[in-house]
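Here's the structure, in structure tokens; my notes come after.
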Number of protein chains: 2
Amino acid sequence: MALSSSPRVIDPGIFQIRVVDSWLEAMPHDGKNLLLSDKDRQTLCDLASPVDIREANRSLYRQGDTATDVFLLVDGLVRTSRIVANGNRQIIAFHWPGDFFGLSEHNLYVSDADSVSPSFLCRFSLQALEKAFAEHPALQSLFLVKALNDLREAQHQIVNVSQSDLPSRLAFFLLECAEHPECYDAEQHIVTLPMSRLDLADYLGAAQESVSRALTVLEKRQLIRRLSTQRLWLDTVHLPPFCTLDRES
Amino acid sequence: MALSSSPRVIDPGIFQIRVVDSWLEAMPHDGKNLLLSDKDRQTLCDLASPVDIREANRSLYRQGDTATDVFLLVDGLVRTSRIVANGNRQIIAFHWPGDFFGLSEHNLYVSDADSVSPSFLCRFSLQALEKAFAEHPALQSLFLVKALNDLREAQHQIVNVSQSDLPSRLAFFLLECAEHPECYDAEQHIVTLPMSRLDLADYLGAAQESVSRALTVLEKRQLIRRLSTQRLWLDTVHLPPFCTLDRES
DNA sequence: CGCGCCATTGATGATTATCAAATTTCGTGG
DNA sequence: CCACGAAATTTGATAATCATCAATGGCGCG
């Protein structure tokens with residue numbers, strides 16, 4: 001699935017910015033996305049270049065490349081990751097439709113970015129963006145609100161990675177996936193994971209074997225059922241308390 | 001150290017915003033702080049209310065409190081932390097002079113904030129801030145640049161917490177402390193830790209006993225020397241490679 | 001001087017990484 | 001459509017890391 005019918009062109013209607021809260025009253029939201037004005041949409045539209053990625057695991061940029069653009073994911077899934085000196089890879093974030101990525105430091109990208117599934121994105125030139133900020137302060141507000149949302153998400157991941165044992169962390173991630181209609185069938189309570197076990201492991205800071213074992217643990221407790229490698233049924237009643245309360249049989 | 005001579009009043013000169021990179025060319029920096037114009041300083045000054053905290057471990061706000069302000073730390077050290085359901089505390093970040101904190105979601109603070117040492121801060125009303133953004137776009141740029149810096153730092157911590165073993169994580173944190181002149185004597189290579197072992201443990205996602213043992217490991221390898229509980233000599237040559245390369249005797 | 005808190009050290013058990021092997025899945029070609 | 005081979009996933013066994021429980025040591029503060 002995933003690539004239902006990727007759009008190929010950019011029109012003002014495709015832009016959605018995923019947030020759970022806005023921080024600025026001038027920037028309204030519906031709890032899932034920012035509510036963009038027609039003018040905002042047009043401004044974004046004028047700045048955006050389309051990027052159509054038809055394969056999984058295709059590189060968008062590498063850590064250390066000169067940063068010229070930021071990307072807005074419209075459809076698909078992208079991961080940003082970093083290689084640490086012992087050779088391990090840490091996935092810093094999965095980017096869902098409505099997410100920006102392309103963070104840089106000293107004009108160099110700070111991470112790798114790769115497609116996880118076929119994806120359609122908008123590319124925004126940093127130069128053009130900064131110029132547009134001057135003329136359209138609302139555009140800058142949009143980026144500020146989104147950056148603060150991303151900061152909250154990153155802090156949340158810090159807590160999750162640091163505190164819980166692996167089955168709990170995994171359970172938490174599965175529930176996160178269930179919040180994305182792209183991969184969750186709310187009727188059947190079935191998530192279709194778009195990423196491999198290795199991606200999952202590198203995101204959760206674990207070995208892929210440990211992820212398999214954690215899935216076994218959740219299944220033995222009947223919190224999930226493995227319908228296939230990628231398709232999982234979730235017990236949406238008992239899974240949430242498990243994330244935080246930790247083990248007790 | 002730490003509380004050399006806390007200022008008690010706000011004047012335009014006290015503002016510094018800690019960043020390593022600006023992202024916006026219109027917002028210049030010197031690699032450590034943003035270079036604020038006199039007008040920026042005056043705008044901040046007009047909005048700021050002083051907060052003088054003379055004790056350590058004093059609460060500024062609690063998770064779930066109604067969020068009315070953001071804070072800029074001028075002098076001292078503040079931690080933001082979250083209590084997870086099993087009762088553990090995770091310190092999400094230490095805030096150094098030049099850092100903002102006070103992140104909220106749905107108008108509620110998402111974490112606790114407490115002084116680690118006596119601190120002097122500026123409080124900014126969210127309402128007033130948003131109004132000022134409309135009139136002074138440069139002020140909003142300042143917040144955007146700082147938010148992106150914080151996001152990078154949070155992502156860095158994700159990598160650090162997930163990947164390394166505890167001695168490496170600790171070594172990394174000690175080097176981070178050494179970048180803050182408030183607690184580092186660059187001549188003698190001595191850091192004076194402003195926080196307790198428990199704070200350290202809750203930041204690194206470990207038990208406090210494990211932090212002690214990690215210190216012992218670093219000392220046995222002669223990467224540090226414990227001059228006193230809080231004062232540590234650092235081998236600034238051999239410590240950096242240890243952070244990333246991990247164990248090899 | 002002594003009390004109490006914080007830090008360190010010791011011993012044990014739980015979690016997870018690592019090495020290794022078996023099994024399943026999936027794409028490709030017959 | 002089936003068979004085969006490569007890759008991904010799962011399971012098994014062992015070792016390293018770290019949390020936990022417990023006790024000792026050190027330091028500041030009254």
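Chains: A, B, ... in order of the structure tokens. Residues: from 1 per chain. Ligands: from 1, in order shown.
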What parts of segment 51-205 of chain B does DSSP call strand (DSSP E or B)? I'd like the answer as a tab-separated table (two decimals) with N, CA and C atoms, in the first residue's frame.
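The file below, part-v5.tsv, is the result:
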chain	number	residue	atom	x	y	z
B	51	VAL	N	12.92	37.64	37.19
B	51	VAL	CA	12.64	36.57	38.16
B	51	VAL	C	13.97	36.20	38.79
B	52	ASP	N	14.06	36.41	40.08
B	52	ASP	CA	15.32	36.16	40.79
B	52	ASP	C	15.13	34.98	41.73
B	53	ILE	N	15.79	33.88	41.42
B	53	ILE	CA	15.68	32.66	42.22
B	53	ILE	C	16.97	32.50	43.00
B	59	SER	N	10.96	25.31	42.35
B	59	SER	CA	10.10	25.07	41.19
B	59	SER	C	9.71	26.37	40.50
B	60	LEU	N	9.81	26.40	39.20
B	60	LEU	CA	9.32	27.54	38.42
B	60	LEU	C	7.92	27.28	37.91
B	61	TYR	N	7.68	26.08	37.47
B	61	TYR	CA	6.32	25.65	37.13
B	61	TYR	C	6.31	24.13	37.09
B	66	THR	N	-1.08	25.87	33.79
B	66	THR	CA	-1.43	26.72	32.66
B	66	THR	C	-0.21	27.53	32.24
B	69	ASP	N	3.78	32.04	30.36
B	69	ASP	CA	5.03	32.73	30.05
B	69	ASP	C	6.06	31.77	29.48
B	70	VAL	N	7.03	32.33	28.76
B	70	VAL	CA	8.27	31.61	28.52
B	70	VAL	C	9.37	32.34	29.27
B	71	PHE	N	10.43	31.60	29.57
B	71	PHE	CA	11.50	32.13	30.39
B	71	PHE	C	12.81	32.13	29.61
B	72	LEU	N	13.59	33.15	29.85
B	72	LEU	CA	14.95	33.21	29.31
B	72	LEU	C	15.90	33.23	30.50
B	73	LEU	N	16.78	32.24	30.53
B	73	LEU	CA	17.73	32.18	31.63
B	73	LEU	C	18.88	33.14	31.36
B	74	VAL	N	19.14	34.01	32.33
B	74	VAL	CA	20.23	34.98	32.21
B	74	VAL	C	21.46	34.47	32.95
B	75	ASP	N	21.23	33.89	34.11
B	75	ASP	CA	22.35	33.46	34.95
B	75	ASP	C	21.87	32.31	35.81
B	76	GLY	N	22.69	31.27	35.93
B	76	GLY	CA	22.32	30.13	36.75
B	76	GLY	C	22.13	28.88	35.91
B	77	LEU	N	21.34	27.96	36.42
B	77	LEU	CA	21.07	26.71	35.69
B	77	LEU	C	19.68	26.22	36.08
B	78	VAL	N	18.93	25.79	35.07
B	78	VAL	CA	17.56	25.31	35.26
B	78	VAL	C	17.43	23.95	34.58
B	79	ARG	N	16.65	23.06	35.17
B	79	ARG	CA	16.36	21.78	34.51
B	79	ARG	C	14.87	21.70	34.21
B	80	THR	N	14.55	21.08	33.06
B	80	THR	CA	13.16	20.73	32.79
B	80	THR	C	13.08	19.22	32.78
B	81	SER	N	12.04	18.68	33.43
B	81	SER	CA	11.95	17.24	33.62
B	81	SER	C	10.51	16.79	33.55
B	82	ARG	N	10.34	15.50	33.40
B	82	ARG	CA	9.02	14.93	33.32
B	82	ARG	C	8.99	13.69	34.21
B	83	ILE	N	7.89	13.48	34.90
B	83	ILE	CA	7.71	12.27	35.69
B	83	ILE	C	6.95	11.27	34.85
B	89	ARG	N	11.90	9.95	37.10
B	89	ARG	CA	11.99	11.30	36.56
B	89	ARG	C	13.00	11.31	35.42
B	90	GLN	N	12.62	11.90	34.30
B	90	GLN	CA	13.56	12.08	33.20
B	90	GLN	C	13.84	13.56	33.04
B	91	ILE	N	15.09	13.95	33.19
B	91	ILE	CA	15.45	15.34	32.91
B	91	ILE	C	15.63	15.47	31.42
B	92	ILE	N	14.84	16.35	30.83
B	92	ILE	CA	14.82	16.49	29.39
B	92	ILE	C	15.96	17.38	28.93
B	93	ALA	N	16.23	18.42	29.69
B	93	ALA	CA	17.30	19.34	29.29
B	93	ALA	C	17.78	20.14	30.49
B	94	PHE	N	19.05	20.46	30.49
B	94	PHE	CA	19.56	21.51	31.36
B	94	PHE	C	19.59	22.80	30.54
B	95	HIS	N	19.12	23.86	31.15
B	95	HIS	CA	19.08	25.14	30.44
B	95	HIS	C	20.15	26.06	31.02
B	100	PHE	N	16.05	29.60	26.29
B	100	PHE	CA	14.64	29.74	26.62
B	100	PHE	C	14.11	28.40	27.11
B	101	PHE	N	13.07	28.45	27.92
B	101	PHE	CA	12.30	27.25	28.23
B	101	PHE	C	10.89	27.66	28.59
B	104	SER	N	4.93	24.48	25.88
B	104	SER	CA	3.58	24.11	26.31
B	104	SER	C	2.86	23.38	25.19
B	105	GLU	N	1.79	22.72	25.56
B	105	GLU	CA	0.92	22.05	24.59
B	105	GLU	C	-0.51	22.25	25.07
B	108	LEU	N	-0.75	24.15	28.26
B	108	LEU	CA	-0.25	23.56	29.50
B	108	LEU	C	1.23	23.25	29.35
B	109	TYR	N	1.99	23.58	30.37
B	109	TYR	CA	3.42	23.24	30.32
B	109	TYR	C	3.58	21.73	30.21
B	112	ASP	N	8.12	19.82	34.13
B	112	ASP	CA	8.47	20.62	35.30
B	112	ASP	C	9.68	21.46	34.97
B	113	ALA	N	9.80	22.61	35.62
B	113	ALA	CA	11.02	23.41	35.51
B	113	ALA	C	11.45	23.79	36.92
B	114	ASP	N	12.72	23.54	37.23
B	114	ASP	CA	13.26	23.83	38.55
B	114	ASP	C	14.66	24.41	38.42
B	115	SER	N	14.99	25.29	39.35
B	115	SER	CA	16.36	25.78	39.39
B	115	SER	C	17.28	24.68	39.86
B	116	VAL	N	18.46	24.61	39.28
B	116	VAL	CA	19.50	23.69	39.74
B	116	VAL	C	20.47	24.45	40.65
B	117	SER	N	20.70	25.70	40.29
B	117	SER	CA	21.46	26.59	41.16
B	117	SER	C	20.71	27.93	41.18
B	118	PRO	N	21.10	28.83	42.06
B	118	PRO	CA	20.46	30.15	42.07
B	118	PRO	C	20.50	30.76	40.67
B	119	SER	N	19.41	31.34	40.26
B	119	SER	CA	19.29	31.76	38.86
B	119	SER	C	18.58	33.09	38.74
B	120	PHE	N	18.93	33.78	37.68
B	120	PHE	CA	18.22	35.01	37.34
B	120	PHE	C	17.64	34.86	35.94
B	121	LEU	N	16.34	35.15	35.83
B	121	LEU	CA	15.68	34.92	34.55
B	121	LEU	C	14.80	36.10	34.14
B	122	CYS	N	14.46	36.10	32.86
B	122	CYS	CA	13.46	37.02	32.34
B	122	CYS	C	12.23	36.21	31.98
B	123	ARG	N	11.09	36.74	32.36
B	123	ARG	CA	9.83	36.10	32.05
B	123	ARG	C	9.15	36.91	30.95
B	124	PHE	N	8.63	36.20	29.93
B	124	PHE	CA	7.95	36.87	28.83
B	124	PHE	C	6.54	36.33	28.73
B	125	SER	N	5.59	37.21	28.79
B	125	SER	CA	4.19	36.80	28.64
B	125	SER	C	3.95	36.32	27.21
B	184	TYR	N	33.36	25.92	33.84
B	184	TYR	CA	34.60	25.31	33.35
B	184	TYR	C	35.77	26.27	33.42
B	185	ASP	N	36.82	25.82	34.03
B	185	ASP	CA	38.07	26.56	34.07
B	185	ASP	C	38.96	26.03	32.96
B	190	ILE	N	39.22	22.10	34.53
B	190	ILE	CA	38.41	21.63	35.66
B	190	ILE	C	36.97	22.08	35.48
B	191	VAL	N	36.05	21.10	35.48
B	191	VAL	CA	34.63	21.43	35.50
B	191	VAL	C	34.13	21.35	36.93
B	192	THR	N	33.24	22.26	37.25
B	192	THR	CA	32.55	22.22	38.54
B	192	THR	C	31.09	21.92	38.24
Give the residues of chain C that lie within 9 Å of chain B; count only C-alpha atoms (C1' of nucleotides), and format the answer as JSON, numbers by chain.
-> {"C": [6, 7, 8, 9]}
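For chain D, the residues within 8 Å of chain B are DT17, DC18 and DA19 of chain D, with only C-alpha atoms (C1' of nucleotides) used to measure distance.
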Please identify all polymer residues within 10 Å of DG12 of chain D, counting only C-alpha atoms (C1' of nucleotides), omitting same-chain residues fewer than 6 positions from it, and present them as a list in words.
-> DA20, DA21 and DA22 of chain C
Just need the residues of chain A within 7 Å of chain B, counting only C-alpha atoms, so spit them out as a PyMOL selection string.
-> chain A and resi 21+24+84-86+90+92+105-106+130+137+144+147-148+151+154-155+158-159+161-163+205+244-245
Helix (DSSP H, G or I) call set, DSSP backbone run, segment 45-183 of chain A, as a PyMOL selection string = chain A and resi 45-47+126-135+137-163+166-177
Take the residues from that selection and write them out as a compact mmCIF listing (two decimals), in the first residue's frame, keeping N, CA and C atoms.
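Saved as part_12.txt:
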# COMPACT_ATOMS: atom_id res chain seq x y z
N CYS A 45 3.00 27.46 -2.36
CA CYS A 45 2.93 26.90 -3.71
C CYS A 45 3.95 27.56 -4.63
N ASP A 46 4.08 28.88 -4.49
CA ASP A 46 5.00 29.61 -5.36
C ASP A 46 6.45 29.23 -5.09
N LEU A 47 6.73 28.77 -3.87
CA LEU A 47 8.11 28.49 -3.48
C LEU A 47 8.50 27.03 -3.70
N LEU A 126 16.26 27.42 0.74
CA LEU A 126 16.46 28.19 1.97
C LEU A 126 16.52 29.68 1.67
N GLN A 127 17.24 30.02 0.63
CA GLN A 127 17.34 31.43 0.25
C GLN A 127 15.97 32.04 -0.02
N ALA A 128 15.21 31.35 -0.87
CA ALA A 128 13.89 31.86 -1.23
C ALA A 128 13.00 31.94 -0.01
N LEU A 129 13.15 30.95 0.85
CA LEU A 129 12.32 30.91 2.05
C LEU A 129 12.59 32.13 2.93
N GLU A 130 13.87 32.40 3.14
CA GLU A 130 14.18 33.53 4.01
C GLU A 130 13.66 34.84 3.42
N LYS A 131 13.77 34.95 2.10
CA LYS A 131 13.26 36.15 1.46
C LYS A 131 11.74 36.25 1.67
N ALA A 132 11.06 35.11 1.54
CA ALA A 132 9.60 35.10 1.69
C ALA A 132 9.19 35.42 3.12
N PHE A 133 10.02 35.03 4.09
CA PHE A 133 9.70 35.34 5.48
C PHE A 133 9.53 36.84 5.69
N ALA A 134 10.40 37.61 5.03
CA ALA A 134 10.37 39.05 5.18
C ALA A 134 9.06 39.63 4.68
N GLU A 135 8.55 39.04 3.59
CA GLU A 135 7.33 39.60 3.00
C GLU A 135 6.07 39.00 3.62
N PRO A 137 5.16 37.41 7.02
CA PRO A 137 5.47 36.98 8.39
C PRO A 137 4.68 35.74 8.80
N ALA A 138 3.49 35.56 8.22
CA ALA A 138 2.70 34.38 8.57
C ALA A 138 3.43 33.11 8.20
N LEU A 139 4.23 33.17 7.14
CA LEU A 139 4.99 32.00 6.73
C LEU A 139 6.03 31.65 7.78
N GLN A 140 6.63 32.67 8.34
CA GLN A 140 7.62 32.42 9.39
C GLN A 140 6.95 31.86 10.64
N SER A 141 5.76 32.37 10.94
CA SER A 141 5.02 31.83 12.07
C SER A 141 4.76 30.35 11.89
N LEU A 142 4.42 30.00 10.68
CA LEU A 142 4.17 28.59 10.37
C LEU A 142 5.39 27.74 10.72
N PHE A 143 6.56 28.19 10.32
CA PHE A 143 7.78 27.43 10.60
C PHE A 143 8.09 27.41 12.09
N LEU A 144 7.82 28.51 12.77
CA LEU A 144 8.07 28.54 14.22
C LEU A 144 7.18 27.54 14.93
N VAL A 145 5.90 27.57 14.59
CA VAL A 145 4.95 26.65 15.24
C VAL A 145 5.34 25.20 14.97
N LYS A 146 5.71 24.92 13.74
CA LYS A 146 6.09 23.55 13.40
C LYS A 146 7.38 23.15 14.11
N ALA A 147 8.33 24.06 14.19
CA ALA A 147 9.60 23.75 14.87
C ALA A 147 9.35 23.43 16.33
N LEU A 148 8.45 24.17 16.98
CA LEU A 148 8.16 23.89 18.39
C LEU A 148 7.44 22.56 18.54
N ASN A 149 6.60 22.23 17.58
CA ASN A 149 5.99 20.91 17.61
C ASN A 149 7.04 19.81 17.49
N ASP A 150 7.97 19.99 16.57
CA ASP A 150 9.03 18.99 16.39
C ASP A 150 9.89 18.88 17.65
N LEU A 151 10.12 20.02 18.28
CA LEU A 151 10.92 20.01 19.51
C LEU A 151 10.22 19.19 20.58
N ARG A 152 8.93 19.38 20.70
CA ARG A 152 8.17 18.59 21.67
C ARG A 152 8.24 17.11 21.35
N GLU A 153 8.11 16.78 20.08
CA GLU A 153 8.19 15.37 19.69
C GLU A 153 9.56 14.79 20.01
N ALA A 154 10.61 15.57 19.76
CA ALA A 154 11.96 15.09 20.04
C ALA A 154 12.14 14.87 21.54
N GLN A 155 11.61 15.78 22.34
CA GLN A 155 11.71 15.63 23.79
C GLN A 155 10.94 14.41 24.26
N HIS A 156 9.82 14.17 23.61
CA HIS A 156 9.03 13.00 23.95
C HIS A 156 9.83 11.73 23.67
N GLN A 157 10.55 11.72 22.57
CA GLN A 157 11.33 10.55 22.23
C GLN A 157 12.48 10.36 23.22
N ILE A 158 13.04 11.46 23.68
CA ILE A 158 14.09 11.36 24.69
C ILE A 158 13.56 10.61 25.90
N VAL A 159 12.38 10.99 26.35
CA VAL A 159 11.78 10.33 27.52
C VAL A 159 11.54 8.86 27.23
N ASN A 160 10.97 8.60 26.06
CA ASN A 160 10.61 7.23 25.73
C ASN A 160 11.83 6.34 25.63
N VAL A 161 12.86 6.82 24.94
CA VAL A 161 14.05 6.00 24.74
C VAL A 161 14.79 5.78 26.06
N SER A 162 14.76 6.79 26.93
CA SER A 162 15.56 6.70 28.15
C SER A 162 14.89 5.83 29.21
N GLN A 163 13.57 5.89 29.27
CA GLN A 163 12.92 5.35 30.44
C GLN A 163 12.48 3.91 30.32
N LEU A 166 12.32 -2.27 26.30
CA LEU A 166 12.07 -2.32 24.87
C LEU A 166 10.62 -2.64 24.51
N PRO A 167 9.99 -3.64 25.14
CA PRO A 167 8.58 -3.88 24.77
C PRO A 167 7.71 -2.65 24.97
N SER A 168 7.93 -1.89 26.02
CA SER A 168 7.14 -0.68 26.23
C SER A 168 7.41 0.36 25.15
N ARG A 169 8.70 0.53 24.84
CA ARG A 169 9.03 1.49 23.79
C ARG A 169 8.38 1.11 22.48
N LEU A 170 8.44 -0.17 22.17
CA LEU A 170 7.84 -0.64 20.93
C LEU A 170 6.34 -0.40 20.94
N ALA A 171 5.70 -0.73 22.05
CA ALA A 171 4.26 -0.52 22.16
C ALA A 171 3.92 0.94 21.92
N PHE A 172 4.73 1.81 22.50
CA PHE A 172 4.50 3.23 22.32
C PHE A 172 4.60 3.62 20.86
N PHE A 173 5.59 3.07 20.20
CA PHE A 173 5.77 3.42 18.78
C PHE A 173 4.60 2.90 17.94
N LEU A 174 4.13 1.70 18.24
CA LEU A 174 3.01 1.15 17.49
C LEU A 174 1.78 2.05 17.63
N LEU A 175 1.58 2.55 18.83
CA LEU A 175 0.44 3.45 19.03
C LEU A 175 0.63 4.76 18.28
N GLU A 176 1.88 5.20 18.21
CA GLU A 176 2.16 6.40 17.41
C GLU A 176 1.80 6.17 15.95
N CYS A 177 2.18 5.00 15.45
CA CYS A 177 1.85 4.67 14.06
C CYS A 177 0.35 4.68 13.86
DG30 of chain C: which residues within 10 Å, counting only C-alpha atoms (C1' of nucleotides), same-chain residues fewer than 2 positions away excluded, as a VMD selection string?
-> (chain C and resid 28) or (chain D and resid 2 to 4)
Using only C-alpha atoms (C1' of nucleotides), determine which residues lie at most 10 Å from segment 21-23 of chain D, disregarding the query and same-chain residues fewer than 6 positions distant; provide the list as JSON, numbers by chain.
-> {"C": [9, 10, 11, 12]}
Keeping only all heavy atoms, write the selected residues as a PDB file, in the first residue's frame.
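Now in part15.pdb:
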ATOM      1  P    DT C   9      34.248   4.251  44.335  1.00  0.00           P
ATOM      2  OP1  DT C   9      35.699   4.339  44.540  1.00  0.00           O
ATOM      3  OP2  DT C   9      33.673   4.348  42.989  1.00  0.00           O
ATOM      4  O5'  DT C   9      33.731   2.880  44.984  1.00  0.00           O
ATOM      5  C5'  DT C   9      34.043   2.581  46.332  1.00  0.00           C
ATOM      6  C4'  DT C   9      33.298   1.347  46.779  1.00  0.00           C
ATOM      7  O4'  DT C   9      31.888   1.622  46.859  1.00  0.00           O
ATOM      8  C3'  DT C   9      33.441   0.115  45.862  1.00  0.00           C
ATOM      9  O3'  DT C   9      33.966  -0.955  46.630  1.00  0.00           O
ATOM     10  C2'  DT C   9      32.022  -0.158  45.384  1.00  0.00           C
ATOM     11  C1'  DT C   9      31.197   0.446  46.511  1.00  0.00           C
ATOM     12  N1   DT C   9      29.817   0.840  46.154  1.00  0.00           N
ATOM     13  C2   DT C   9      28.774   0.346  46.902  1.00  0.00           C
ATOM     14  O2   DT C   9      28.914  -0.407  47.832  1.00  0.00           O
ATOM     15  N3   DT C   9      27.533   0.780  46.494  1.00  0.00           N
ATOM     16  C4   DT C   9      27.251   1.638  45.449  1.00  0.00           C
ATOM     17  O4   DT C   9      26.096   1.952  45.195  1.00  0.00           O
ATOM     18  C5   DT C   9      28.395   2.110  44.713  1.00  0.00           C
ATOM     19  C7   DT C   9      28.202   3.028  43.558  1.00  0.00           C
ATOM     20  C6   DT C   9      29.610   1.692  45.095  1.00  0.00           C
ATOM     21  P    DG C  10      34.344  -2.344  45.931  1.00  0.00           P
ATOM     22  OP1  DG C  10      35.587  -2.798  46.581  1.00  0.00           O
ATOM     23  OP2  DG C  10      34.293  -2.165  44.464  1.00  0.00           O
ATOM     24  O5'  DG C  10      33.154  -3.329  46.335  1.00  0.00           O
ATOM     25  C5'  DG C  10      32.713  -3.420  47.678  1.00  0.00           C
ATOM     26  C4'  DG C  10      31.540  -4.395  47.779  1.00  0.00           C
ATOM     27  O4'  DG C  10      30.304  -3.674  47.521  1.00  0.00           O
ATOM     28  C3'  DG C  10      31.569  -5.557  46.779  1.00  0.00           C
ATOM     29  O3'  DG C  10      31.303  -6.767  47.482  1.00  0.00           O
ATOM     30  C2'  DG C  10      30.468  -5.226  45.789  1.00  0.00           C
ATOM     31  C1'  DG C  10      29.494  -4.443  46.654  1.00  0.00           C
ATOM     32  N9   DG C  10      28.640  -3.515  45.923  1.00  0.00           N
ATOM     33  C8   DG C  10      29.042  -2.504  45.085  1.00  0.00           C
ATOM     34  N7   DG C  10      28.048  -1.825  44.580  1.00  0.00           N
ATOM     35  C5   DG C  10      26.922  -2.426  45.116  1.00  0.00           C
ATOM     36  C6   DG C  10      25.542  -2.126  44.949  1.00  0.00           C
ATOM     37  O6   DG C  10      25.046  -1.242  44.254  1.00  0.00           O
ATOM     38  N1   DG C  10      24.727  -2.995  45.682  1.00  0.00           N
ATOM     39  C2   DG C  10      25.184  -4.005  46.477  1.00  0.00           C
ATOM     40  N2   DG C  10      24.256  -4.734  47.103  1.00  0.00           N
ATOM     41  N3   DG C  10      26.462  -4.300  46.661  1.00  0.00           N
ATOM     42  C4   DG C  10      27.268  -3.467  45.943  1.00  0.00           C
ATOM     43  P    DA C  11      31.391  -8.188  46.780  1.00  0.00           P
ATOM     44  OP1  DA C  11      31.920  -9.153  47.770  1.00  0.00           O
ATOM     45  OP2  DA C  11      32.069  -8.032  45.470  1.00  0.00           O
ATOM     46  O5'  DA C  11      29.859  -8.517  46.520  1.00  0.00           O
ATOM     47  C5'  DA C  11      28.948  -8.591  47.618  1.00  0.00           C
ATOM     48  C4'  DA C  11      27.575  -9.030  47.127  1.00  0.00           C
ATOM     49  O4'  DA C  11      26.934  -7.917  46.439  1.00  0.00           O
ATOM     50  C3'  DA C  11      27.587 -10.191  46.123  1.00  0.00           C
ATOM     51  O3'  DA C  11      26.492 -11.053  46.403  1.00  0.00           O
ATOM     52  C2'  DA C  11      27.429  -9.503  44.776  1.00  0.00           C
ATOM     53  C1'  DA C  11      26.513  -8.333  45.144  1.00  0.00           C
ATOM     54  N9   DA C  11      26.613  -7.178  44.255  1.00  0.00           N
ATOM     55  C8   DA C  11      27.744  -6.667  43.675  1.00  0.00           C
ATOM     56  N7   DA C  11      27.534  -5.608  42.940  1.00  0.00           N
ATOM     57  C5   DA C  11      26.169  -5.400  43.047  1.00  0.00           C
ATOM     58  C6   DA C  11      25.310  -4.422  42.503  1.00  0.00           C
ATOM     59  N6   DA C  11      25.720  -3.440  41.710  1.00  0.00           N
ATOM     60  N1   DA C  11      23.999  -4.515  42.823  1.00  0.00           N
ATOM     61  C2   DA C  11      23.585  -5.507  43.623  1.00  0.00           C
ATOM     62  N3   DA C  11      24.297  -6.470  44.194  1.00  0.00           N
ATOM     63  C4   DA C  11      25.594  -6.353  43.865  1.00  0.00           C
ATOM     64  P    DT C  12      26.347 -12.442  45.600  1.00  0.00           P
ATOM     65  OP1  DT C  12      26.047 -13.494  46.599  1.00  0.00           O
ATOM     66  OP2  DT C  12      27.473 -12.589  44.650  1.00  0.00           O
ATOM     67  O5'  DT C  12      25.014 -12.181  44.767  1.00  0.00           O
ATOM     68  C5'  DT C  12      23.830 -11.781  45.458  1.00  0.00           C
ATOM     69  C4'  DT C  12      22.788 -11.319  44.469  1.00  0.00           C
ATOM     70  O4'  DT C  12      23.215 -10.081  43.840  1.00  0.00           O
ATOM     71  C3'  DT C  12      22.513 -12.301  43.317  1.00  0.00           C
ATOM     72  O3'  DT C  12      21.129 -12.577  43.267  1.00  0.00           O
ATOM     73  C2'  DT C  12      22.992 -11.557  42.072  1.00  0.00           C
ATOM     74  C1'  DT C  12      22.809 -10.112  42.491  1.00  0.00           C
ATOM     75  N1   DT C  12      23.633  -9.129  41.740  1.00  0.00           N
ATOM     76  C2   DT C  12      23.030  -8.002  41.257  1.00  0.00           C
ATOM     77  O2   DT C  12      21.848  -7.761  41.423  1.00  0.00           O
ATOM     78  N3   DT C  12      23.851  -7.153  40.574  1.00  0.00           N
ATOM     79  C4   DT C  12      25.213  -7.330  40.321  1.00  0.00           C
ATOM     80  O4   DT C  12      25.857  -6.498  39.701  1.00  0.00           O
ATOM     81  C5   DT C  12      25.784  -8.534  40.851  1.00  0.00           C
ATOM     82  C7   DT C  12      27.236  -8.830  40.635  1.00  0.00           C
ATOM     83  C6   DT C  12      24.976  -9.369  41.524  1.00  0.00           C
TER      84       DT C  12
END
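The coordinates place atom CA of Asp99 of chain A at 14.0 Å from atom CA of Leu44 of chain A.
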Which distance in Å separates atom CA of Lys220 of chain B and atom CA of Met195 of chain B, to one decimal?
->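 Pair atom CA of Lys220 of chain B / atom CA of Met195 of chain B returns 22.6 Å.
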Could you tell me how far atom CA of Ala214 of chain A lies from atom CA of Leu234 of chain A, in Å and to one decimal?
->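 Atom CA of Leu234 of chain A lies 14.2 Å from atom CA of Ala214 of chain A.
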Quick one: everything within 7 Å of Trp233 of chain B, counting only C-alpha atoms (C1' of nucleotides), minus sequence neighbours fewer than 3 positions away in the same chain. Send it as a PyMOL selection string.
-> chain B and resi 189-191+224-227
Residue nearest DA15 of chain D - candidates C:DG13, C:DC3, C:DC26, C:DT18, atoms counted: only C-alpha atoms (C1' of nucleotides) | C:DT18
Could you name the residues that touch Leu193 of chain A at 7 Å or less, counting only C-alpha atoms (C1' of nucleotides), but leaving out those on the same chain fewer than 5 positions away, as a PyMOL selection string?
-> chain A and resi 183+230-231
